[in-house]
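For reference, my_file-v9.cif is printed below; it contains mmCIF, C-alpha atoms.
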```
data_target
#
loop_
_atom_site.label_atom_id
_atom_site.label_comp_id
_atom_site.auth_asym_id
_atom_site.auth_seq_id
_atom_site.Cartn_x
_atom_site.Cartn_y
_atom_site.Cartn_z
CA MET Q 295 15.26 4.93 15.11
CA GLY Q 296 17.34 1.91 14.46
CA ARG Q 297 18.20 2.32 10.78
CA ILE Q 298 21.50 3.13 9.11
CA MET Q 299 21.72 4.90 5.78
CA CYS Q 300 24.35 6.21 3.42
CA VAL Q 301 23.41 9.83 4.07
CA ALA Q 302 23.14 10.76 7.73
CA PHE Q 303 19.76 12.05 8.84
CA PRO Q 304 18.85 12.27 12.50
CA LEU Q 305 15.65 10.26 12.35
CA VAL Q 306 15.50 8.48 9.04
CA ALA Q 307 18.27 5.90 8.87
CA LEU Q 308 18.06 2.99 6.51
CA ALA Q 309 19.78 -0.35 6.32
CA VAL Q 310 20.80 -1.49 2.87
CA VAL Q 311 21.98 -4.94 1.96
CA SER Q 312 24.99 -4.23 -0.20
CA MET Q 313 24.67 -0.86 -1.91
CA CYS Q 314 23.12 2.55 -1.40
CA TYR Q 315 20.51 2.27 -4.14
CA GLY Q 316 18.70 -0.26 -6.27
CA MET Q 317 17.29 -3.68 -5.53
CA ALA Q 318 19.20 -3.72 -2.27
CA ASP Q 319 17.11 -0.90 -0.77
CA ALA Q 320 15.87 -3.30 1.88
CA ALA Q 321 16.06 -4.17 5.53
CA VAL Q 322 18.73 -6.35 7.06
CA LYS Q 323 16.13 -8.17 9.13
CA PRO Q 324 15.86 -11.67 7.67
CA PRO Q 325 12.59 -12.76 6.04
CA PRO Q 326 10.31 -15.33 7.70
CA PRO Q 327 11.47 -18.95 7.45
CA ASN Q 328 10.97 -20.59 4.05
CA LEU Q 329 10.76 -17.26 2.20
CA ARG Q 330 13.56 -16.68 -0.27
CA TRP Q 331 14.58 -14.10 -2.82
CA HIS Q 332 13.66 -15.51 -6.28
CA TYR Q 333 12.12 -18.54 -4.60
CA TYR Q 334 10.51 -19.90 -7.77
CA LYS Q 335 13.74 -19.63 -9.73
CA ILE Q 336 16.08 -21.20 -7.20
CA THR Q 337 13.64 -24.05 -6.51
CA ASN Q 338 13.22 -24.51 -10.27
CA THR Q 339 9.44 -24.67 -9.88
CA CYS Q 340 8.57 -21.67 -12.06
CA ARG Q 341 11.83 -20.05 -13.09
CA ASP Q 342 10.28 -17.15 -15.00
CA ALA Q 343 7.45 -16.38 -12.56
CA GLU Q 344 8.69 -12.88 -11.72
CA GLU Q 345 9.22 -12.06 -15.41
CA TYR Q 346 5.64 -13.14 -16.19
CA VAL Q 347 4.34 -10.91 -13.39
CA ARG Q 348 6.46 -7.95 -14.52
CA HIS Q 349 5.29 -8.30 -18.13
CA GLU Q 350 1.61 -8.30 -17.16
CA VAL Q 351 2.05 -5.35 -14.80
CA ASN Q 352 3.69 -3.40 -17.63
CA LEU Q 353 0.67 -4.07 -19.84
CA PHE Q 354 -1.73 -2.87 -17.15
CA TRP Q 355 0.43 0.19 -16.40
CA GLU Q 356 0.48 1.24 -20.05
CA HIS Q 357 -3.32 1.10 -20.12
CA ASP Q 358 -4.09 2.51 -16.66
CA ARG Q 359 -1.48 4.13 -14.43
CA SER Q 360 -3.81 4.05 -11.45
CA ILE Q 361 -2.87 0.38 -11.07
CA THR Q 362 0.01 1.36 -8.76
CA ALA Q 363 -2.20 3.15 -6.25
CA LYS Q 364 -4.78 0.35 -6.45
CA LEU Q 365 -2.24 -2.37 -5.74
CA LEU Q 366 -0.63 -0.44 -2.88
CA ARG Q 367 -3.99 -0.09 -1.18
CA LEU Q 368 -4.73 -3.76 -1.84
CA VAL Q 369 -1.49 -4.86 -0.14
CA TYR Q 370 -2.25 -2.63 2.85
CA ALA Q 371 -5.82 -3.94 3.11
CA ASP Q 372 -4.52 -7.51 3.01
CA CYS Q 373 -1.47 -7.40 5.28
CA PHE Q 374 -2.88 -5.20 8.01
CA VAL Q 375 -5.85 -7.45 8.74
CA THR Q 376 -4.96 -11.14 9.08
CA GLY Q 377 -1.47 -10.88 7.60
CA CYS Q 378 -0.09 -11.10 4.07
CA ASP Q 379 -2.14 -14.13 3.04
CA ALA Q 380 -4.14 -12.80 0.05
CA SER Q 381 -7.39 -13.17 2.02
CA ILE Q 382 -8.47 -9.79 0.61
CA LEU Q 383 -8.72 -11.43 -2.82
CA LEU Q 384 -11.28 -14.06 -1.80
CA ASP Q 385 -14.89 -13.83 -2.99
CA GLU Q 386 -15.84 -16.88 -0.96
CA GLY Q 387 -18.38 -16.78 1.84
CA PRO Q 388 -21.27 -14.45 2.55
CA ASN Q 389 -19.17 -11.51 3.74
CA PRO Q 390 -15.48 -11.60 2.71
CA GLU Q 391 -12.98 -8.90 3.67
CA LYS Q 392 -13.35 -6.97 0.43
CA LYS Q 393 -16.98 -6.19 1.38
CA ALA Q 394 -16.03 -4.38 4.60
CA SER Q 395 -16.93 -0.67 4.60
CA GLN Q 396 -13.27 0.27 5.04
CA ASN Q 397 -12.49 -1.46 1.76
CA ARG Q 398 -14.95 0.47 -0.32
CA GLY Q 399 -13.44 1.37 -3.69
CA LEU Q 400 -10.67 -1.26 -3.60
CA GLY Q 401 -9.30 -2.03 -7.04
CA GLY Q 402 -6.56 -4.04 -8.68
CA PHE Q 403 -8.40 -7.37 -8.48
CA VAL Q 404 -8.63 -7.71 -12.26
CA ALA Q 405 -4.86 -7.34 -12.61
CA ILE Q 406 -4.09 -9.95 -9.96
CA ASN Q 407 -6.60 -12.41 -11.39
CA LYS Q 408 -5.19 -11.97 -14.90
CA ILE Q 409 -1.63 -12.53 -13.68
CA LYS Q 410 -2.76 -15.64 -11.82
CA THR Q 411 -4.41 -16.98 -14.99
CA VAL Q 412 -1.17 -16.47 -16.93
CA LEU Q 413 0.93 -18.20 -14.26
CA GLU Q 414 -1.50 -21.11 -13.94
CA SER Q 415 -1.22 -21.69 -17.69
CA ARG Q 416 2.57 -21.90 -17.39
CA CYS Q 417 3.21 -23.25 -13.89
CA PRO Q 418 -0.03 -24.79 -12.57
CA GLY Q 419 -0.44 -24.82 -8.80
CA ILE Q 420 2.97 -23.29 -8.07
CA VAL Q 421 2.81 -19.51 -7.51
CA SER Q 422 0.67 -18.23 -4.64
CA CYS Q 423 -1.75 -15.34 -4.95
CA ALA Q 424 -0.03 -13.74 -1.95
CA ASP Q 425 3.29 -13.70 -3.79
CA ILE Q 426 1.67 -12.41 -6.97
CA LEU Q 427 0.15 -9.49 -5.07
CA HIS Q 428 3.50 -8.45 -3.59
CA LEU Q 429 5.50 -8.93 -6.78
CA ALA Q 430 2.95 -7.01 -8.86
CA THR Q 431 2.84 -4.16 -6.36
CA ARG Q 432 6.64 -3.90 -6.30
CA ASP Q 433 6.77 -3.74 -10.10
CA ALA Q 434 3.97 -1.18 -10.31
CA VAL Q 435 5.65 1.04 -7.70
CA HIS Q 436 8.87 0.97 -9.69
CA LEU Q 437 7.06 1.94 -12.91
CA ALA Q 438 5.58 4.95 -11.09
CA GLY Q 439 9.04 6.18 -10.07
CA GLY Q 440 9.28 4.43 -6.74
CA PRO Q 441 12.02 2.07 -5.54
CA ALA Q 442 12.67 -1.44 -6.77
CA TYR Q 443 12.92 -3.61 -3.69
CA PRO Q 444 13.39 -7.34 -3.12
CA VAL Q 445 10.24 -9.35 -2.51
CA PHE Q 446 11.02 -12.60 -0.77
CA THR Q 447 8.67 -15.28 -2.03
CA GLY Q 448 7.32 -18.64 -0.97
CA ARG Q 449 4.14 -17.42 0.79
CA LYS Q 450 1.06 -19.60 0.98
CA ASP Q 451 -2.51 -18.37 0.56
CA GLY Q 452 -4.98 -18.10 3.40
CA MET Q 453 -8.23 -20.05 3.37
CA GLN Q 454 -10.57 -17.69 5.23
CA SER Q 455 -11.85 -14.17 4.65
CA ASN Q 456 -14.34 -12.38 6.86
CA ALA Q 457 -15.31 -8.70 6.79
CA ALA Q 458 -15.76 -8.82 10.58
CA SER Q 459 -11.98 -9.17 10.95
CA VAL Q 460 -11.29 -5.90 9.11
CA ASP Q 461 -10.16 -3.26 11.61
CA LEU Q 462 -8.50 -0.77 9.25
CA PRO Q 463 -8.56 2.66 10.94
CA SER Q 464 -10.53 5.70 9.85
CA PRO Q 465 -8.63 8.38 7.88
CA SER Q 466 -9.65 10.76 10.68
CA ILE Q 467 -7.91 8.74 13.40
CA SER Q 468 -5.56 10.56 15.77
CA LEU Q 469 -1.81 10.39 15.29
CA GLN Q 470 -1.34 8.43 18.51
CA LYS Q 471 -3.99 5.88 17.56
CA VAL Q 472 -2.61 5.32 14.07
CA LEU Q 473 0.90 4.89 15.50
CA GLU Q 474 -0.40 2.29 17.95
CA TYR Q 475 -2.11 0.52 15.05
CA PHE Q 476 1.09 0.36 13.01
CA GLU Q 477 3.10 -0.78 16.03
CA SER Q 478 0.65 -3.64 16.53
CA ARG Q 479 1.72 -4.80 13.06
CA GLY Q 480 5.41 -4.69 13.90
CA LEU Q 481 6.01 -1.32 12.25
CA ASN Q 482 7.49 1.78 13.88
CA GLU Q 483 7.13 5.55 13.57
CA VAL Q 484 9.44 5.76 10.56
CA ASP Q 485 7.53 2.97 8.81
CA MET Q 486 4.20 4.68 9.49
CA THR Q 487 5.35 8.06 8.19
CA THR Q 488 6.92 6.36 5.18
CA LEU Q 489 4.02 4.09 4.24
CA LEU Q 490 1.51 6.93 4.49
CA GLY Q 491 3.60 8.38 1.65
CA ALA Q 492 1.74 5.93 -0.61
CA HIS Q 493 -0.89 8.70 -0.56
CA THR Q 494 1.38 10.59 -2.93
CA MET Q 495 -0.89 9.08 -5.58
CA GLY Q 496 -4.41 7.76 -5.78
CA GLN Q 497 -7.90 8.99 -5.02
CA THR Q 498 -10.36 8.98 -2.15
CA HIS Q 499 -14.09 9.53 -1.83
CA CYS Q 500 -15.34 12.84 -0.49
CA SER Q 501 -17.20 10.95 2.23
CA PHE Q 502 -13.84 10.24 3.87
CA ILE Q 503 -12.97 13.94 4.22
CA VAL Q 504 -16.27 15.84 4.62
CA ASP Q 505 -15.78 15.94 8.37
CA ARG Q 506 -12.57 17.92 7.87
CA LEU Q 507 -14.32 20.33 5.53
CA TYR Q 508 -17.53 21.06 7.40
CA ASN Q 509 -17.71 19.49 10.85
CA TYR Q 510 -14.30 18.76 12.28
CA SER Q 511 -14.59 16.80 15.54
CA GLY Q 512 -18.25 17.81 15.75
CA SER Q 513 -17.41 21.53 15.83
CA LYS Q 514 -19.52 22.39 12.75
CA LYS Q 515 -16.39 24.13 11.52
CA PRO Q 516 -13.55 22.98 9.23
CA ASP Q 517 -10.29 21.49 10.42
CA PRO Q 518 -8.31 24.55 11.61
CA SER Q 519 -5.05 22.98 10.40
CA MET Q 520 -6.11 23.29 6.76
CA ASN Q 521 -4.71 25.97 4.45
CA ALA Q 522 -7.61 28.36 3.79
CA SER Q 523 -7.33 28.37 0.01
CA TRP Q 524 -6.94 24.60 -0.07
CA LEU Q 525 -10.04 24.29 2.09
CA GLU Q 526 -12.06 26.27 -0.45
CA THR Q 527 -10.72 24.17 -3.29
CA LEU Q 528 -11.74 20.94 -1.58
CA ARG Q 529 -15.15 22.32 -0.67
CA LYS Q 530 -15.82 22.97 -4.36
CA LEU Q 531 -14.83 19.42 -5.17
CA CYS Q 532 -16.74 17.97 -2.19
CA PRO Q 533 -19.90 20.01 -1.53
CA PRO Q 534 -22.09 19.05 1.44
CA ARG Q 535 -23.65 15.67 0.72
CA LYS Q 536 -27.34 15.93 -0.12
CA ASN Q 537 -27.63 12.71 -2.07
CA ARG Q 538 -25.76 9.49 -2.63
CA HIS Q 539 -23.32 11.05 -5.06
CA ASP Q 540 -19.84 10.71 -3.59
CA PRO Q 541 -17.15 12.22 -5.86
CA LEU Q 542 -13.53 11.17 -5.96
CA VAL Q 543 -10.65 13.58 -5.33
CA TYR Q 544 -6.94 13.07 -5.85
CA LEU Q 545 -4.96 12.51 -2.66
CA ASN Q 546 -2.13 14.50 -4.22
CA PRO Q 547 -3.11 16.92 -7.01
CA GLU Q 548 0.55 17.32 -7.96
CA SER Q 549 0.59 13.67 -8.96
CA GLY Q 550 -3.02 13.59 -10.14
CA SER Q 551 -3.84 11.46 -13.17
CA SER Q 552 -0.14 10.89 -13.92
CA TYR Q 553 0.15 8.73 -10.77
CA ASN Q 554 3.80 9.59 -10.18
CA PHE Q 555 5.62 8.46 -7.05
CA THR Q 556 7.12 11.69 -5.67
CA GLU Q 557 7.96 13.45 -2.41
CA SER Q 558 5.39 16.19 -3.13
CA TYR Q 559 2.99 14.49 -0.68
CA TYR Q 560 5.26 15.57 2.18
CA ARG Q 561 5.64 19.11 0.85
CA ARG Q 562 1.88 19.45 0.78
CA ILE Q 563 1.64 18.34 4.40
CA LEU Q 564 4.15 21.03 5.37
CA SER Q 565 1.95 23.55 3.50
CA HIS Q 566 -1.15 22.25 5.34
CA GLU Q 567 -2.60 20.95 2.09
CA ALA Q 568 -3.09 17.27 2.89
CA VAL Q 569 -6.39 15.72 1.84
CA LEU Q 570 -6.76 13.14 4.61
CA GLY Q 571 -6.72 14.11 8.24
CA VAL Q 572 -4.38 11.24 9.14
CA ASP Q 573 -1.80 12.67 6.73
CA GLN Q 574 -1.99 16.23 8.03
CA GLN Q 575 -1.57 14.97 11.58
CA LEU Q 576 2.00 13.94 10.81
CA LEU Q 577 2.85 17.50 11.82
CA ASN Q 578 1.42 16.89 15.29
CA GLY Q 579 4.33 14.72 16.45
CA ASP Q 580 7.90 15.94 16.87
CA ASP Q 581 9.43 12.88 15.21
CA THR Q 582 6.86 12.49 12.42
CA LYS Q 583 7.13 16.20 11.67
CA GLN Q 584 10.89 15.95 11.32
CA ILE Q 585 10.66 12.86 9.12
CA THR Q 586 8.09 14.64 6.96
CA ALA Q 587 10.40 17.63 6.57
CA GLU Q 588 13.32 15.36 5.65
CA PHE Q 589 11.35 13.46 3.01
CA ALA Q 590 9.98 16.71 1.57
CA ILE Q 591 13.51 17.71 0.52
CA GLY Q 592 15.01 14.25 0.09
CA PHE Q 593 13.31 12.12 -2.55
CA GLU Q 594 15.98 9.39 -2.50
CA ASP Q 595 15.68 9.14 1.28
CA PHE Q 596 11.92 8.66 0.92
CA ARG Q 597 12.42 6.01 -1.78
CA LYS Q 598 14.91 4.04 0.31
CA SER Q 599 12.74 4.21 3.40
CA PHE Q 600 9.72 3.14 1.35
CA ALA Q 601 11.64 0.11 0.09
CA GLU Q 602 12.48 -1.02 3.61
CA SER Q 603 9.01 -0.38 5.03
CA MET Q 604 7.30 -2.24 2.16
CA TYR Q 605 9.68 -5.14 2.75
CA LYS Q 606 8.79 -5.18 6.46
CA MET Q 607 5.05 -4.91 5.86
CA GLY Q 608 5.20 -7.71 3.30
CA ASN Q 609 6.62 -10.10 5.90
CA PHE Q 610 3.81 -9.62 8.44
CA LYS Q 611 2.13 -12.89 9.46
CA VAL Q 612 2.91 -14.73 6.24
CA LEU Q 613 1.76 -18.31 5.87
CA ILE Q 614 4.33 -20.97 5.01
CA GLY Q 615 4.42 -24.73 4.66
CA ASN Q 616 1.13 -26.38 5.52
CA GLN Q 617 -0.27 -23.20 7.09
CA GLY Q 618 -1.93 -22.34 3.79
CA GLU Q 619 -2.31 -23.46 0.19
CA ILE Q 620 -1.56 -22.40 -3.38
CA ARG Q 621 -4.94 -21.36 -4.75
CA ARG Q 622 -5.76 -22.28 -8.32
CA ASP Q 623 -7.96 -19.18 -8.52
CA CYS Q 624 -7.24 -16.16 -6.31
CA ARG Q 625 -10.96 -15.61 -5.74
CA TYR Q 626 -11.63 -19.01 -4.19
CA THR Q 627 -9.97 -21.52 -1.91
CA ASN Q 628 -9.20 -24.82 -3.61
CA LYS Q 629 -11.94 -26.47 -1.57
CA GLY Q 630 -14.46 -23.85 -2.63
CA ASN Q 631 -13.38 -23.82 -6.28
CA SER Q 632 -15.73 -25.95 -8.36
CA ASN Q 633 -13.48 -25.83 -11.44
#
```
Represent the structure contained in this file as structure tokens.
Amino acid sequence: MGRIMCVAFPLVALAVVSMCYGMADAAVKPPPPNLRWHYYKITNTCRDAEEYVRHEVNLFWEHDRSITAKLLRLVYADCFVTGCDASILLDEGPNPEKKASQNRGLGGFVAINKIKTVLESRCPGIVSCADILHLATRDAVHLAGGPAYPVFTGRKDGMQSNAASVDLPSPSISLQKVLEYFESRGLNEVDMTTLLGAHTMGQTHCSFIVDRLYNYSGSKKPDPSMNASWLETLRKLCPPRKNRHDPLVYLNPESGSSYNFTESYYRRILSHEAVLGVDQQLLNGDDTKQITAEFAIGFEDFRKSFAESMYKMGNFKVLIGNQGEIRRDCRYTNKGNSN
């Protein structure tokens, strides 16, 4: 599928810049114009920006390891809508993106806002919220055991956010539909299978999986692809909804509250123990099934692929030059910021 890696696998091949592991676990495709590795350092505008971000992420991680899963979801919710422009962070307007039903339960905003406050105190008006989001996510992923990958910086922040533009797919979407969705964002089958691996940690609301447990595709029966004992376990955690109570369940019990980045997500899919329907459906395609099997026994291959796919996703529809601005506050455009 167009990638080359140090260990030969039939479907998962990765391109690395100069070595088989480390910060060079990234794609050879060049970044968008005006984005550079260590942009703030080489332009001498905020030389220690990435160190400031890393320090704050470490503080958050030590207090709450769920920050990694929260930031990964935040990046996805941002990039897959209008591009990687930090529009998901805006509170401006009557109905910003973060209020869309698909974005229920989003977190990580406090961390990004705190990092922005720190950077504004040291380098006012220099570091974009879009760059902060990607740098912080990279650092949090690495703390959880995932790959360190280069984040090219120099993005500008978007100036609009509207919940009506949010078209994030349902977790019950078919494999073909989710593949088409990823392809519309410039990502391929390997990227899709890889990025879904972010579900190796984090939580979801029972409301997103009750259809699998009790009324799959309107059949009034559970999803037949589910392991029987796993089905019973999830039914205990997510009983039929009779009130507004909507419990949370871990997407990967093997990671659970430790929030570790591991390949166990793929092993659970092979055992028919995925929580989300979109994850279990990776076994429905010949290629995605093979990639899943490869990642289940090859943690380093998963890590390297994750590095490349995160790099690619982070370059989707970025704003540069006068296409955007550097917000003073990630929650508001500069025009809408009264401070």
What's the 10 Å shell around Q:Thr582, counting all atoms listed in the file, without same-chain residues fewer than 2 positions away, as a ChimeraX atom specification?
-> /Q:305,469,483-484,486-488,575-580,584-588
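Across Q:Glu557, Q:Glu477, Q:Glu345, Q:Asp485, the tightest approach to Q:Ser599 is made by Q:Asp485 when counting all atoms listed in the file.
Comparing Q:Leu507, Q:Ala343, Q:Val543, Q:Ile409 by their smallest distance to Q:Glu526, the closest is Q:Leu507 (using only C-alpha atoms).
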Residue with the minimum atom-to-atom distance to Q:Asn397, picked from Q:Asp385, Q:Asp451, Q:Asp461, Q:Glu414 with all atoms listed in the file counted, is Q:Asp461
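For the residues Q:Gly491, Q:Gly387, Q:Pro327, Q:Gly419, ranking by smallest atom-to-atom distance to Q:Leu366 using all atoms listed in the file places Q:Gly491 first.
Take the candidates Q:Ser549, Q:Ser511, Q:Thr447, Q:Asn628 and check each one against Q:Trp331 using only C-alpha atoms; the shortest distance goes to Q:Thr447.
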Mind completing stretch 337-355 of chain Q with N, CA, C and O atoms? Output as a compact mmCIF listing (two decimals), in the coordinates of the input, please?
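Generated file (part07.txt):
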```txt
# COMPACT_ATOMS: atom_id res chain seq x y z
N THR Q 337 14.21 -22.72 -6.73
CA THR Q 337 13.64 -24.05 -6.51
C THR Q 337 13.27 -24.73 -7.83
O THR Q 337 12.81 -25.87 -7.83
N ASN Q 338 13.48 -23.99 -8.92
CA ASN Q 338 13.22 -24.51 -10.27
C ASN Q 338 11.79 -24.99 -10.44
O ASN Q 338 11.52 -25.97 -11.15
N THR Q 339 10.86 -24.29 -9.77
CA THR Q 339 9.44 -24.67 -9.88
C THR Q 339 8.70 -23.81 -10.89
O THR Q 339 7.74 -24.27 -11.52
N CYS Q 340 9.14 -22.57 -11.05
CA CYS Q 340 8.57 -21.67 -12.06
C CYS Q 340 9.60 -20.56 -12.28
O CYS Q 340 9.45 -19.45 -11.80
N ARG Q 341 10.64 -20.90 -13.00
CA ARG Q 341 11.83 -20.05 -13.09
C ARG Q 341 11.53 -18.63 -13.55
O ARG Q 341 12.18 -17.68 -13.12
N ASP Q 342 10.56 -18.47 -14.43
CA ASP Q 342 10.28 -17.15 -15.00
C ASP Q 342 9.05 -16.48 -14.38
O ASP Q 342 8.47 -15.57 -14.96
N ALA Q 343 8.67 -16.92 -13.19
CA ALA Q 343 7.45 -16.38 -12.56
C ALA Q 343 7.50 -14.86 -12.43
O ALA Q 343 6.53 -14.16 -12.76
N GLU Q 344 8.61 -14.33 -11.94
CA GLU Q 344 8.69 -12.88 -11.72
C GLU Q 344 8.69 -12.12 -13.05
O GLU Q 344 8.16 -11.01 -13.12
N GLU Q 345 9.26 -12.71 -14.09
CA GLU Q 345 9.22 -12.06 -15.41
C GLU Q 345 7.80 -12.03 -15.96
O GLU Q 345 7.38 -11.04 -16.56
N TYR Q 346 7.04 -13.12 -15.75
CA TYR Q 346 5.64 -13.14 -16.19
C TYR Q 346 4.85 -12.05 -15.48
O TYR Q 346 4.05 -11.33 -16.09
N VAL Q 347 5.05 -11.94 -14.18
CA VAL Q 347 4.34 -10.91 -13.39
C VAL Q 347 4.71 -9.53 -13.91
O VAL Q 347 3.83 -8.69 -14.16
N ARG Q 348 6.00 -9.28 -14.08
CA ARG Q 348 6.46 -7.95 -14.52
C ARG Q 348 5.88 -7.59 -15.89
O ARG Q 348 5.47 -6.45 -16.11
N HIS Q 349 5.82 -8.56 -16.79
CA HIS Q 349 5.29 -8.30 -18.13
C HIS Q 349 3.81 -7.90 -18.06
O HIS Q 349 3.39 -6.92 -18.70
N GLU Q 350 3.03 -8.62 -17.28
CA GLU Q 350 1.61 -8.30 -17.16
C GLU Q 350 1.38 -6.96 -16.49
O GLU Q 350 0.50 -6.18 -16.89
N VAL Q 351 2.17 -6.65 -15.47
CA VAL Q 351 2.05 -5.35 -14.80
C VAL Q 351 2.36 -4.22 -15.77
O VAL Q 351 1.67 -3.18 -15.79
N ASN Q 352 3.37 -4.41 -16.60
CA ASN Q 352 3.69 -3.40 -17.63
C ASN Q 352 2.51 -3.16 -18.55
O ASN Q 352 2.21 -2.01 -18.90
N LEU Q 353 1.83 -4.21 -18.95
CA LEU Q 353 0.67 -4.07 -19.84
C LEU Q 353 -0.44 -3.28 -19.15
O LEU Q 353 -1.06 -2.40 -19.76
N PHE Q 354 -0.70 -3.59 -17.89
CA PHE Q 354 -1.73 -2.87 -17.15
C PHE Q 354 -1.34 -1.40 -16.97
O PHE Q 354 -2.16 -0.50 -17.10
N TRP Q 355 -0.06 -1.17 -16.64
CA TRP Q 355 0.43 0.19 -16.40
C TRP Q 355 0.28 1.06 -17.65
O TRP Q 355 -0.13 2.22 -17.59
```
